[in-house]
>>> print(open('model-v1.txt').read())   # compact mmCIF, C-alpha atoms
# COMPACT_ATOMS: atom_id res chain seq x y z
CA MET A 153 -19.05 14.21 8.40
CA SER A 154 -15.57 15.66 8.85
CA ALA A 155 -12.73 14.53 6.61
CA VAL A 156 -10.33 11.81 7.73
CA ARG A 157 -7.06 13.52 8.59
CA VAL A 158 -4.12 11.60 7.16
CA VAL A 159 -0.34 11.72 7.58
CA LEU A 160 1.87 9.97 5.02
CA VAL A 161 5.24 8.54 6.05
CA ASP A 162 7.31 7.11 3.20
CA ASP A 163 10.86 7.71 2.01
CA GLN A 164 9.92 7.30 -1.67
CA GLN A 165 9.02 10.88 -2.59
CA LEU A 166 7.24 10.13 -5.83
CA PHE A 167 5.04 7.51 -4.16
CA ARG A 168 4.31 9.75 -1.18
CA LYS A 169 3.43 12.80 -3.29
CA GLY A 170 1.37 10.65 -5.65
CA VAL A 171 -0.71 9.13 -2.86
CA ARG A 172 -1.15 12.62 -1.41
CA ALA A 173 -2.44 13.87 -4.76
CA LEU A 174 -4.86 10.93 -5.00
CA LEU A 175 -6.18 11.44 -1.45
CA GLU A 176 -6.59 15.18 -1.95
CA ASP A 177 -8.64 14.52 -5.06
CA GLU A 178 -10.97 12.18 -3.16
CA ASP A 179 -13.83 13.46 -0.99
CA GLY A 180 -13.53 12.75 2.70
CA PHE A 181 -9.77 12.92 3.12
CA GLU A 182 -7.43 15.67 4.22
CA VAL A 183 -3.68 15.14 4.14
CA VAL A 184 -2.37 17.11 7.13
CA GLY A 185 1.29 16.15 6.89
CA GLU A 186 3.95 13.95 5.40
CA ALA A 187 7.40 12.72 6.34
CA GLY A 188 10.30 10.85 4.77
CA ASN A 189 11.29 8.66 7.71
CA GLY A 190 9.91 7.30 10.96
CA ALA A 191 11.45 9.95 13.22
CA GLN A 192 9.99 12.80 11.17
CA GLY A 193 6.76 10.83 11.03
CA LEU A 194 6.46 10.80 14.82
CA GLU A 195 7.14 14.55 14.96
CA THR A 196 4.52 15.19 12.29
CA VAL A 197 1.94 13.07 14.10
CA LEU A 198 2.54 14.85 17.40
CA ALA A 199 2.22 18.22 15.66
CA THR A 200 -0.84 17.49 13.52
CA HIS A 201 -2.88 14.88 15.47
CA PRO A 202 -4.08 12.89 12.44
CA ASP A 203 -6.76 10.19 12.50
CA VAL A 204 -4.72 7.84 10.31
CA VAL A 205 -1.06 7.38 9.44
CA LEU A 206 -0.04 5.53 6.28
CA MET A 207 3.38 4.17 7.21
CA ASP A 208 6.06 2.54 5.09
CA VAL A 209 8.07 -0.20 6.82
CA GLN A 210 11.64 0.07 5.56
CA MET A 211 12.93 3.63 5.89
CA PRO A 212 16.22 5.30 6.81
CA VAL A 213 16.92 6.84 10.24
CA CYS A 214 13.90 5.23 11.93
CA THR A 215 11.88 2.33 10.53
CA GLY A 216 8.13 2.31 10.22
CA VAL A 217 7.85 -0.36 12.91
CA GLU A 218 9.82 1.74 15.41
CA ALA A 219 7.80 4.83 14.53
CA THR A 220 4.54 2.90 14.93
CA ARG A 221 5.59 1.73 18.39
CA ASN A 222 6.39 5.33 19.39
CA ILE A 223 3.19 6.74 17.92
CA LYS A 224 1.07 4.13 19.68
CA ALA A 225 2.86 4.86 22.96
CA GLN A 226 2.21 8.59 22.71
CA ARG A 227 -1.05 8.77 20.75
CA PRO A 228 -2.78 5.38 20.97
CA GLU A 229 -5.94 6.78 19.38
CA THR A 230 -4.08 7.36 16.09
CA ARG A 231 -4.63 4.52 13.64
CA VAL A 232 -1.48 3.36 11.88
CA ILE A 233 -1.76 1.42 8.62
CA MET A 234 1.44 -0.08 7.27
CA LEU A 235 1.63 0.49 3.50
CA THR A 236 4.59 -1.37 2.08
CA VAL A 237 6.01 -3.58 -0.65
CA SER A 238 7.31 -5.93 2.03
CA ASP A 239 5.52 -9.19 2.64
CA VAL A 240 8.48 -10.45 4.66
CA ASP A 241 7.25 -12.29 7.74
CA ASP A 242 9.39 -10.38 10.23
CA ASP A 243 8.20 -6.99 8.98
CA LEU A 244 4.59 -8.09 9.16
CA PHE A 245 4.76 -9.59 12.65
CA ASP A 246 6.91 -6.81 14.06
CA ALA A 247 4.45 -4.23 12.74
CA ILE A 248 1.47 -6.01 14.28
CA LYS A 249 3.31 -6.36 17.60
CA ALA A 250 4.18 -2.66 17.47
CA GLY A 251 0.45 -1.94 17.37
CA ALA A 252 -0.26 -1.42 13.65
CA ASP A 253 -3.98 -1.26 12.89
CA GLY A 254 -3.61 -2.63 9.39
CA TYR A 255 -1.05 -4.03 6.95
CA LEU A 256 -1.47 -3.29 3.26
CA LEU A 257 0.73 -4.03 0.29
CA LYS A 258 1.39 -1.31 -2.26
CA ASP A 259 -0.21 -3.26 -5.07
CA LEU A 260 -3.58 -1.80 -4.07
CA ARG A 261 -5.69 0.24 -6.44
CA PRO A 262 -6.35 3.81 -5.19
CA GLU A 263 -10.06 3.13 -4.55
CA GLU A 264 -9.09 0.08 -2.47
CA LEU A 265 -6.82 2.24 -0.34
CA PHE A 266 -9.62 4.77 0.22
CA GLN A 267 -11.92 1.94 1.30
CA MET A 268 -9.31 0.46 3.63
CA ILE A 269 -8.79 3.81 5.35
CA ARG A 270 -12.55 4.10 5.86
CA CYS A 271 -12.54 0.56 7.27
CA VAL A 272 -9.87 1.35 9.82
CA MET A 273 -11.84 4.43 10.88
CA ALA A 274 -14.80 2.10 11.50
CA GLY A 275 -12.69 0.05 13.88
CA GLU A 276 -11.77 -2.69 11.45
CA THR A 277 -8.33 -4.03 10.62
CA PRO A 278 -7.49 -3.97 6.93
CA ILE A 279 -5.02 -6.65 5.87
CA SER A 280 -3.99 -7.43 2.28
CA PRO A 281 -5.20 -10.95 1.45
CA PRO A 282 -1.71 -12.34 0.65
CA VAL A 283 -0.46 -11.46 4.12
CA ALA A 284 -3.62 -12.47 6.02
CA SER A 285 -2.97 -16.18 5.59
CA LYS A 286 0.63 -15.73 6.76
CA LEU A 287 -0.66 -14.00 9.83
CA LEU A 288 -3.12 -16.71 10.73
CA GLY A 289 -0.54 -19.40 10.08
CA GLU A 290 1.97 -17.75 12.35
CA PHE A 291 -0.46 -17.21 15.18
CA ARG A 292 -1.15 -20.93 15.24
CA LYS A 293 2.37 -21.53 16.49
CA ARG A 294 3.24 -18.42 18.52
CA PRO A 295 4.46 -18.78 22.15
CA TRP A 296 1.65 -16.60 23.48
CA ARG A 297 -0.62 -19.49 22.62
CA GLU A 298 -0.75 -20.99 26.16
CA THR A 299 -1.37 -17.61 27.76
CA ALA A 300 -4.19 -16.81 25.41
CA GLN A 301 -5.51 -20.37 25.73
CA ALA A 302 -5.81 -20.03 29.49
CA ALA A 303 -7.35 -16.60 29.15
CA GLY A 304 -9.80 -17.96 26.61
CA SER A 305 -11.63 -19.88 29.32
CA GLU A 306 -12.48 -16.51 30.91
CA LEU A 307 -14.62 -15.49 27.95
CA THR A 308 -18.36 -15.35 28.49
CA GLN A 309 -20.66 -17.27 26.17
CA ARG A 310 -21.62 -14.01 24.43
CA GLU A 311 -17.97 -13.06 23.93
CA LYS A 312 -17.22 -16.48 22.42
CA GLU A 313 -20.17 -16.03 20.11
CA ILE A 314 -18.89 -12.64 18.96
CA LEU A 315 -15.38 -13.98 18.59
CA GLN A 316 -16.69 -16.68 16.24
CA LEU A 317 -18.36 -14.03 14.11
CA VAL A 318 -15.22 -11.87 14.05
CA ALA A 319 -13.23 -14.88 12.86
CA SER A 320 -15.84 -15.55 10.20
CA GLY A 321 -14.97 -12.16 8.71
CA LEU A 322 -18.04 -10.18 9.78
CA SER A 323 -17.75 -6.45 10.43
CA ASN A 324 -19.03 -4.90 13.66
CA ALA A 325 -22.16 -3.71 11.89
CA GLU A 326 -22.85 -7.19 10.52
CA ILE A 327 -22.31 -8.78 13.93
CA ALA A 328 -24.69 -6.24 15.49
CA ALA A 329 -27.36 -7.05 12.92
CA ARG A 330 -26.86 -10.80 13.36
CA LEU A 331 -27.21 -10.65 17.17
CA TYR A 332 -29.86 -7.90 17.31
CA ILE A 333 -27.65 -5.61 19.37
CA VAL A 334 -26.22 -2.16 18.67
CA GLU A 335 -22.79 -1.71 17.10
CA GLY A 336 -21.45 0.03 20.22
CA THR A 337 -22.17 -3.08 22.26
CA VAL A 338 -20.25 -5.19 19.76
CA LYS A 339 -17.30 -2.83 20.07
CA ASN A 340 -17.42 -3.14 23.86
CA HIS A 341 -17.51 -6.93 23.67
CA ILE A 342 -14.54 -6.97 21.27
CA HIS A 343 -12.62 -4.62 23.54
CA ASN A 344 -13.25 -6.99 26.48
CA ILE A 345 -12.27 -10.04 24.39
CA LEU A 346 -8.96 -8.45 23.41
CA GLU A 347 -8.28 -7.47 27.03
CA LYS A 348 -8.94 -10.98 28.32
CA LEU A 349 -6.90 -12.65 25.63
CA HIS A 350 -4.06 -10.12 25.88
CA LEU A 351 -4.34 -9.47 22.15
CA GLN A 352 -4.04 -6.21 20.25
CA ASN A 353 -6.51 -6.44 17.42
CA ARG A 354 -9.26 -8.48 15.82
CA VAL A 355 -6.91 -10.21 13.40
CA GLN A 356 -5.09 -11.78 16.33
CA ALA A 357 -8.47 -12.60 17.87
CA ALA A 358 -9.57 -14.29 14.64
CA GLY A 359 -6.35 -16.32 14.62
CA PHE A 360 -7.04 -17.38 18.22
CA ALA A 361 -10.59 -18.43 17.40
CA ILE A 362 -9.49 -20.52 14.43
CA ARG A 363 -6.67 -22.15 16.33
CA GLU A 364 -8.90 -23.01 19.27
CA GLY A 365 -11.47 -24.54 16.98
CA LEU A 366 -14.18 -21.97 17.62
CA VAL A 367 -14.43 -21.58 13.86
CA HIS A 368 -12.92 -23.41 10.94
CA PRO A 369 -10.72 -21.61 8.39
CA PRO A 370 -11.80 -21.79 4.75
CA ALA A 371 -10.53 -24.95 3.03
CA GLU A 372 -7.32 -24.35 1.08
CA THR A 373 -7.34 -25.23 -2.59
CA HIS A 374 -4.43 -27.10 -4.08
CA GLU A 375 -3.58 -26.98 -7.74
CA GLY A 376 -1.62 -29.45 -9.77
CA PRO A 377 -0.97 -33.15 -9.20
CA MET B 263 -1.51 25.47 -25.85
CA ARG B 264 0.08 22.39 -27.35
CA ARG B 265 -0.15 19.48 -24.96
CA SER B 266 2.41 16.70 -24.81
CA ARG B 267 1.12 13.20 -24.46
CA VAL B 268 2.61 11.18 -21.60
CA VAL B 269 1.95 7.54 -20.78
CA VAL B 270 2.62 6.13 -17.31
CA LEU B 271 3.25 2.37 -17.43
CA TYR B 272 2.91 0.95 -13.96
CA VAL B 273 3.23 -2.29 -12.01
CA HIS B 274 1.73 -0.96 -8.77
CA PRO B 275 -1.56 0.90 -9.45
CA LEU B 276 -1.22 3.17 -6.43
CA PHE B 277 2.23 4.26 -7.57
CA GLY B 278 1.40 4.67 -11.24
CA GLN B 279 -1.91 6.43 -10.76
CA GLY B 280 -0.36 8.65 -8.11
CA ILE B 281 2.28 9.73 -10.62
CA GLY B 282 -0.49 10.27 -13.16
CA GLN B 283 -2.39 12.47 -10.72
CA LEU B 284 0.73 14.56 -10.07
CA LEU B 285 1.41 15.01 -13.80
CA ARG B 286 -2.20 16.02 -14.49
CA LEU B 287 -1.64 19.09 -12.34
CA HIS B 288 0.42 20.38 -15.30
CA LYS B 289 -1.98 21.55 -17.98
CA ASP B 290 0.56 21.12 -20.79
CA LEU B 291 0.62 17.36 -20.23
CA GLU B 292 -2.00 14.91 -21.43
CA VAL B 293 -1.60 11.86 -19.22
CA THR B 294 -2.70 8.26 -19.66
CA CYS B 295 -1.95 5.58 -17.07
CA LEU B 296 -1.70 1.95 -18.16
CA PRO B 297 -0.76 -1.23 -16.31
CA VAL B 298 2.29 -3.04 -17.69
CA SER B 299 0.79 -5.87 -19.72
CA GLU B 300 1.01 -7.74 -22.97
CA ASP B 301 -1.58 -5.40 -24.45
CA GLN B 302 0.47 -2.26 -23.81
CA HIS B 303 2.16 -2.23 -27.23
CA GLU B 304 -1.08 -1.69 -29.11
CA ALA B 305 -2.12 1.08 -26.72
CA LEU B 306 1.29 2.76 -27.03
CA ARG B 307 1.18 2.58 -30.83
CA ARG B 308 -2.22 4.23 -30.77
CA LEU B 309 -1.33 6.91 -28.23
CA ARG B 310 2.11 7.76 -29.69
CA PRO B 311 3.35 9.41 -26.47
CA ARG B 312 6.25 11.85 -26.44
CA ALA B 313 7.29 10.57 -23.03
CA ILE B 314 6.82 7.29 -21.18
CA VAL B 315 7.17 7.00 -17.42
CA LEU B 316 7.99 3.37 -16.82
CA GLU B 317 7.82 1.69 -13.44
CA ALA B 318 10.52 -0.94 -13.56
CA THR B 319 10.93 -3.59 -10.94
CA GLU B 320 14.21 -5.08 -12.10
CA ASP B 321 17.62 -3.41 -12.22
CA GLY B 322 18.11 -1.26 -15.30
CA LEU B 323 16.19 -1.42 -18.52
CA SER B 324 16.82 -4.32 -20.82
CA ARG B 325 17.33 -3.75 -24.55
CA LYS B 326 14.26 -5.87 -25.17
CA THR B 327 12.14 -3.62 -22.96
CA LEU B 328 13.41 -0.51 -24.74
CA GLN B 329 12.85 -2.02 -28.17
CA ASP B 330 9.29 -2.83 -27.24
CA LEU B 331 8.56 0.82 -26.52
CA PRO B 332 7.88 3.38 -29.26
CA PRO B 333 10.51 6.10 -29.92
CA ALA B 334 10.00 8.48 -27.04
CA MET B 335 11.67 9.79 -23.96
CA VAL B 336 11.61 6.98 -21.37
CA ILE B 337 11.82 7.84 -17.69
CA ARG B 338 12.42 4.84 -15.50
CA VAL B 339 11.19 5.05 -11.92
CA GLY B 340 10.98 2.47 -9.16
CA LEU B 341 9.22 2.09 -5.83
CA ASP B 342 12.42 1.12 -4.07
CA GLU B 343 14.51 4.20 -4.86
CA ASN B 344 14.37 7.98 -5.10
CA THR B 345 16.15 8.14 -8.45
CA MET B 346 15.01 8.35 -12.06
CA ASP B 347 16.83 7.27 -15.20
CA VAL B 348 16.01 9.28 -18.30
CA TYR B 349 16.54 7.75 -21.73
CA GLN B 350 16.13 9.75 -24.93
CA ARG B 351 15.36 6.98 -27.36
CA HIS B 352 15.45 6.85 -31.12
CA GLN B 353 16.52 3.99 -33.31
CA ILE B 354 18.99 4.16 -36.23
CA VAL B 355 18.68 1.34 -38.72
CA SER B 356 21.80 -0.06 -40.46
CA ALA B 357 23.93 1.96 -38.09
CA GLY B 358 27.64 2.41 -38.80
CA PRO B 359 30.51 4.41 -37.24
CA ASP B 360 29.30 7.69 -38.77
CA ASN B 361 25.90 7.21 -37.19
CA LEU B 362 27.55 6.53 -33.85
CA VAL B 363 29.60 9.75 -34.03
CA GLU B 364 26.56 11.72 -35.18
CA ALA B 365 24.49 10.26 -32.32
CA ILE B 366 27.16 11.38 -29.84
CA HIS B 367 27.35 14.89 -31.32
CA SER B 368 23.59 15.12 -31.43
CA GLY B 369 23.34 14.10 -27.80
CA LEU B 370 26.01 16.59 -26.78
CA ARG B 371 24.27 19.40 -28.71
CA ARG B 372 20.97 18.57 -27.00
CA LYS B 373 22.64 18.61 -23.60
CA ALA B 374 24.32 21.95 -24.31
CA SER B 375 21.14 23.65 -25.54
>>> encode(input="model-v1.txt", output="structure tokens")
Amino acid sequence: MSAVRVVLVDDQQLFRKGVRALLEDEDGFEVVGEAGNGAQGLETVLATHPDVVLMDVQMPVCTGVEATRNIKAQRPETRVIMLTVSDVDDDLFDAIKAGADGYLLKDLRPEELFQMIRCVMAGETPISPPVASKLLGEFRKRPWRETAQAAGSELTQREKEILQLVASGLSNAEIAARLYIVEGTVKNHIHNILEKLHLQNRVQAAGFAIREGLVHPPAETHEGP
Amino acid sequence: MRRSRVVVLYVHPLFGQGIGQLLRLHKDLEVTCLPVSEDQHEALRRLRPRAIVLEATEDGLSRKTLQDLPPAMVIRVGLDENTMDVYQRHQIVSAGPDNLVEAIHSGLRRKAS
């Protein structure tokens, strides 16, 4: 299997070079370029055609969100994972709207980052747990709710079934095994679900499913009196 | 070749271990990466590093933080900036004016050499 080609975009040199060194020491990754701001990041992506971009959010000249929007417009097949210290709501939601394929906080361990990159290459959407709940909470009250709600009635029974499993946290492979179908068919169904609901990724789809009562979110635990 | 022991104290594992990986490319450095924790003092006493790379999340380095570290060069780095602060630390007990002047001259000599 060929190595995952990665571009790093981050204005903190020490962090960028360090992550590069870690990736280059790990089997299965090839760092094909790096950049210190979003504008350079776009140029590097267009020149190197990576599989994955690890993108900081707050950067000078051109932010990571703006760069992600431009990359997705010009090379939609490139997966962009935001890798940031920011768990600010606006950064998170703007990044998702710009087409980010994942949103990770920098408190990851290196082996977790490697795993998350492999996940995104398998069509999944890695999200750091602390920001996942924010995301679901926000999607419960977003204005696109009515649009998606109306579109939801267009889903076939099979698509609703798959949507429930996506929202339950199952990967494509697990869904395929559960329904006795091949993984490619699951991917096609998910593609159709996202099209019908006018959503961009499976995290938004999971939020839709929870909000519409197709599945129930895990019970929250409360500490203290 | 004599190797210098360096400890990287990190808050964010990806940052700290990335720095560690970069430093390990230099064969004259023996690098250990540790998370900032309450147990770090014992590990630092045992390792006796000549240099400590410290990921700091607050502005500056407090006196308390410095006092908790063994005498060594301390290089403060942070995820939010492209700068480093380098502190050459040693402690003088019962310090008076003469010690202060000597410390200044010593620092100036080191800088000139």
>>> residues_near_point(input="model-v1.txt", point="(-1.6, 27.0, -22.1)", cutoff="7 Å", atoms="only C-alpha atoms", output="PyMOL selection string")
chain B and resi 263+289-290
>>> interface_residues(input="model-v1.txt", of="chain B", to="chain A", cutoff="7 Å", atoms="only C-alpha atoms", output="short mmCIF file (atom, residue, chain, number, x, y, z; two decimals) with C-alpha atoms, keeping the file's coordinate frame")
data_model
loop_
_atom_site.label_atom_id
_atom_site.label_comp_id
_atom_site.auth_asym_id
_atom_site.auth_seq_id
_atom_site.Cartn_x
_atom_site.Cartn_y
_atom_site.Cartn_z
CA HIS B 274 1.73 -0.96 -8.77
CA PRO B 275 -1.56 0.90 -9.45
CA LEU B 276 -1.22 3.17 -6.43
CA PHE B 277 2.23 4.26 -7.57
CA GLY B 280 -0.36 8.65 -8.11
CA ILE B 281 2.28 9.73 -10.62
CA GLN B 283 -2.39 12.47 -10.72
CA LEU B 284 0.73 14.56 -10.07
CA LEU B 341 9.22 2.09 -5.83
CA GLU B 343 14.51 4.20 -4.86
CA ASN B 344 14.37 7.98 -5.10
#
>>> residues_around(input="model-v1.txt", residues="Ile337 in chain B", least_positions_apart="6", cutoff="12 Å", atoms="all atoms listed in the file", output="list in words")
Val268, Val269, Val270, Leu271, Tyr272, Arg312, Ala313, Ile314, Val315, Leu316, Glu317, Ala318, Gly322, Leu323, Leu328, Leu331, Thr345, Met346, Asp347, Val348, Tyr349, Gln350 and Arg351 of chain B
>>> closest_residue(input="model-v1.txt", among="B:Gln353, B:Pro311, B:Gly358, B:Arg286", to="Ala334 in chain B", atoms="all atoms listed in the file")
B:Pro311
>>> atom_distance(input="model-v1.txt", atom1="CA of Ser323 in chain A", atom2="CA of Gly289 in chain A")
21.5 Å
>>> atom_distance(input="model-v1.txt", atom1="CA of Arg372 in chain B", atom2="CA of Leu285 in chain B")
23.9 Å
>>> atom_distance(input="model-v1.txt", atom1="CA of Ile342 in chain A", atom2="CA of Ala328 in chain A")
11.7 Å
>>> residues_around(input="model-v1.txt", residues="Gly254 in chain A", least_positions_apart="3", cutoff="9 Å", atoms="all atoms listed in the file", output="PyMOL selection string")
chain A and resi 231-235+247-248+251+268+272+276-280
>>> build_atoms(input="model-v1.txt", residues="range 187-197 of chain A", atoms="all heavy atoms", output="short mmCIF file (atom, residue, chain, number, x, y, z; two decimals), in the frame of the given file")
data_model
loop_
_atom_site.label_atom_id
_atom_site.label_comp_id
_atom_site.auth_asym_id
_atom_site.auth_seq_id
_atom_site.Cartn_x
_atom_site.Cartn_y
_atom_site.Cartn_z
N ALA A 187 6.03 12.83 5.84
CA ALA A 187 7.40 12.72 6.34
C ALA A 187 8.14 11.64 5.57
O ALA A 187 7.52 10.73 5.01
CB ALA A 187 7.38 12.39 7.83
N GLY A 188 9.48 11.76 5.55
CA GLY A 188 10.30 10.85 4.77
C GLY A 188 10.99 9.76 5.58
O GLY A 188 11.70 8.93 5.02
N ASN A 189 10.79 9.77 6.89
CA ASN A 189 11.29 8.66 7.71
C ASN A 189 10.48 8.58 9.01
O ASN A 189 9.66 9.47 9.29
CB ASN A 189 12.79 8.80 8.00
CG ASN A 189 13.11 10.02 8.83
OD1 ASN A 189 12.58 10.21 9.92
ND2 ASN A 189 13.99 10.88 8.30
N GLY A 190 10.73 7.54 9.79
CA GLY A 190 9.91 7.30 10.96
C GLY A 190 10.04 8.38 12.03
O GLY A 190 9.05 8.73 12.69
N ALA A 191 11.25 8.92 12.20
CA ALA A 191 11.45 9.95 13.22
C ALA A 191 10.66 11.21 12.87
O ALA A 191 9.96 11.79 13.71
CB ALA A 191 12.94 10.26 13.37
N GLN A 192 10.77 11.63 11.62
CA GLN A 192 9.99 12.80 11.17
C GLN A 192 8.49 12.49 11.25
O GLN A 192 7.68 13.38 11.54
CB GLN A 192 10.34 13.15 9.72
CG GLN A 192 11.73 13.72 9.55
CD GLN A 192 12.10 13.90 8.06
OE1 GLN A 192 11.33 13.51 7.18
NE2 GLN A 192 13.26 14.46 7.82
N GLY A 193 8.16 11.23 10.99
CA GLY A 193 6.76 10.83 11.03
C GLY A 193 6.17 11.04 12.42
O GLY A 193 5.06 11.57 12.57
N LEU A 194 6.93 10.62 13.43
CA LEU A 194 6.46 10.80 14.82
C LEU A 194 6.27 12.29 15.13
O LEU A 194 5.24 12.69 15.67
CB LEU A 194 7.47 10.18 15.79
CG LEU A 194 7.17 10.38 17.27
CD1 LEU A 194 5.85 9.73 17.67
CD2 LEU A 194 8.31 9.83 18.13
N GLU A 195 7.25 13.10 14.72
CA GLU A 195 7.14 14.55 14.96
C GLU A 195 5.89 15.12 14.29
O GLU A 195 5.16 15.92 14.87
CB GLU A 195 8.37 15.28 14.39
CG GLU A 195 9.64 15.10 15.21
CD GLU A 195 10.84 15.72 14.51
OE1 GLU A 195 10.64 16.54 13.59
OE2 GLU A 195 11.97 15.35 14.86
N THR A 196 5.67 14.68 13.06
CA THR A 196 4.52 15.19 12.29
C THR A 196 3.21 14.78 12.96
O THR A 196 2.27 15.57 13.05
CB THR A 196 4.57 14.67 10.84
OG1 THR A 196 5.86 14.97 10.30
CG2 THR A 196 3.49 15.29 9.98
N VAL A 197 3.15 13.54 13.44
CA VAL A 197 1.94 13.07 14.10
C VAL A 197 1.68 13.87 15.37
O VAL A 197 0.55 14.29 15.65
CB VAL A 197 2.07 11.55 14.42
CG1 VAL A 197 0.99 11.10 15.40
CG2 VAL A 197 1.99 10.75 13.13
#
